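Visitor: Before I ask anything, let me first share the structure, which is written out below as structure tokens.
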Amino acid sequence: MSSPGGPATMMVLHWSSRSPFVRKVMVAAHETGQAGRIRTERVVVSARTTNAAVMRDNPLGKIPTLRLPDGTVLYDSAVICEYLDSLHDGPKLFPPAGTARWTALRRHALGNGLLDNLVLWRGAREWPHRVADLEAALEAKTKAALDAMEAEAEALAADPFSIGQIAIGVALAYLDFRFAALEWRAGRPALAAWHEAFSARPSVQATAFLDVT
């Protein structure tokens with residue numbers, strides 16, 4: 001997914017095709033017209049290991065991490081998305097002050113929080129000793145988040161596209177990618193219809209998950 005351009009104008013993104021938080025950034029980059037200014041560098045990060053190249057830019061060793069042409073480094077995904085949103089004059093993914101902004105940020109928190117739960121849940125499944133109460137709690141929280149999204153699906157479709165829709169849409173896509181057995185669409189027809197429309201956006205089509213190292 002590398003893009004052409006000179007080093008003086010290109011931003012560098014520590015990137016993985018498997019990371020939902022990276023995908024949020026890339027969807028935002030396409031939506032704001034900044035994807036052509038980003039050069040992606042594929043990296044592997046893990047809670048159990050360190051990646052020296054990533055940690056030179058981000059001491060937390062996490063992705064996404066964005067290095068600007070002047071050497072400034074930004075992280076995490078919400079910060080990077082808002083930065084990209086500041087670089088264009090079109091409709092904003094982060095609305096200005098007011099009700100629309102708080103709605104977008106709340107929806108972002110819902111989608112991002114679901115992703116946090118899913119990443120933890122997937123990791124817990126790989127632990128040598130399974131923790132049944134943790135996994136049960138994460139499953140219950142996932143279902144509650146999905147039910148809240150179903151209740152809000154009509155408004156998601158009606159409101160201007162924002163960082164809230166990006167976070168929720170990417171979280172649902174991550175469920176398809178890593179938790180297909182949950183069948184999250186069952187009993188949630190409005191959310192399923194909204195996500196079908198979300199998935200058709202060029203920015204989403206251009207940033208599909210790939211399970212490659």
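Chain lettering (A, B, ...) mirrors the order of the structure tokens, residue numbering begins at 1 for each chain separately, and ligand numbering begins at 1 in order of display.
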Taking 3 positions as the minimum chain separation for residues in the same chain, which residues sit within 12 Å of A:Ala137 when counting only C-alpha atoms? Answer as a list of chain:residue names.
Guide: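 After dropping sequence-adjacent residues, the list is A:Asn117, A:Leu118, A:Leu120, A:Trp121, A:Ala124, A:Val131, A:Ala132, A:Asp133, A:Leu134, A:Ala140, A:Lys141, A:Thr142, A:Lys143, A:Ala144.
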Visitor: Could you dump the residues just selected with C-alpha atoms as a PDB file, in the first residue's frame?
Guide:
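Written file, part.pdb:
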```
ATOM      1  CA  ASN A 117     -12.549  -5.781  23.994  1.00  0.00           C
ATOM      2  CA  LEU A 118     -12.185  -7.882  20.857  1.00  0.00           C
ATOM      3  CA  LEU A 120      -8.227  -8.595  24.444  1.00  0.00           C
ATOM      4  CA  TRP A 121     -10.665 -11.451  23.866  1.00  0.00           C
ATOM      5  CA  ALA A 124      -7.170 -14.380  25.912  1.00  0.00           C
ATOM      6  CA  VAL A 131      -9.926 -17.550  31.899  1.00  0.00           C
ATOM      7  CA  ALA A 132     -13.588 -18.415  31.610  1.00  0.00           C
ATOM      8  CA  ASP A 133     -15.031 -15.468  33.536  1.00  0.00           C
ATOM      9  CA  LEU A 134     -12.961 -12.958  31.538  1.00  0.00           C
ATOM     10  CA  ALA A 140     -21.431 -10.111  27.181  1.00  0.00           C
ATOM     11  CA  LYS A 141     -19.912  -6.659  26.630  1.00  0.00           C
ATOM     12  CA  THR A 142     -19.542  -7.355  22.913  1.00  0.00           C
ATOM     13  CA  LYS A 143     -23.194  -8.327  22.589  1.00  0.00           C
ATOM     14  CA  ALA A 144     -24.290  -5.259  24.580  1.00  0.00           C
TER      15      ALA A 144
END
```
Visitor: If you run DSSP on this backbone, which residues of stretch 3-212 of chain A come out as strand (DSSP E), and could you give them as a ChimeraX atom specification?
Guide: /A:11-15,38-42,65-67,73-74
Visitor: With only C-alpha atoms as the counted atoms, please give the residues lying no more than 6 Å from A:Thr65, apart from itself and same-chain residues fewer than 2 positions off, as JSON, numbers by chain.
Guide: {"A": [13, 14, 63, 74, 75]}
Visitor: Residues of the last selection are to be written out with N, CA, C and O atoms, as a PDB file, in the first residue's frame.
Guide:
```
ATOM      1  N   LEU A  13       3.759   5.665   8.032  1.00  0.00           N
ATOM      2  CA  LEU A  13       2.869   5.004   8.985  1.00  0.00           C
ATOM      3  C   LEU A  13       3.359   3.595   9.265  1.00  0.00           C
ATOM      4  O   LEU A  13       3.472   2.770   8.358  1.00  0.00           O
ATOM      5  N   HIS A  14       3.679   3.312  10.532  1.00  0.00           N
ATOM      6  CA  HIS A  14       3.920   1.923  10.944  1.00  0.00           C
ATOM      7  C   HIS A  14       2.581   1.203  10.853  1.00  0.00           C
ATOM      8  O   HIS A  14       1.608   1.595  11.500  1.00  0.00           O
ATOM      9  N   ILE A  63       0.987   0.125  17.217  1.00  0.00           N
ATOM     10  CA  ILE A  63       0.587   0.726  15.953  1.00  0.00           C
ATOM     11  C   ILE A  63      -0.914   1.013  16.015  1.00  0.00           C
ATOM     12  O   ILE A  63      -1.636   0.346  16.777  1.00  0.00           O
ATOM     13  N   LEU A  74       3.156  10.954  15.836  1.00  0.00           N
ATOM     14  CA  LEU A  74       1.812  10.967  16.416  1.00  0.00           C
ATOM     15  C   LEU A  74       1.326   9.545  16.659  1.00  0.00           C
ATOM     16  O   LEU A  74       1.566   8.649  15.854  1.00  0.00           O
ATOM     17  N   TYR A  75       0.650   9.356  17.753  1.00  0.00           N
ATOM     18  CA  TYR A  75      -0.039   8.109  18.094  1.00  0.00           C
ATOM     19  C   TYR A  75      -1.059   8.489  19.141  1.00  0.00           C
ATOM     20  O   TYR A  75      -0.935   9.525  19.792  1.00  0.00           O
TER      21      TYR A  75
END
```
Visitor: Give me, as JSON, numbers by chain, all polymer residues having an atom no more than 10 Å from A:Ile80, counting only C-alpha atoms and skipping those fewer than 2 positions away in the same chain.
Guide: {"A": [13, 22, 24, 25, 26, 28, 29, 64, 65, 66, 67, 73, 74, 75, 76, 77, 78, 82, 83, 84, 85, 86]}
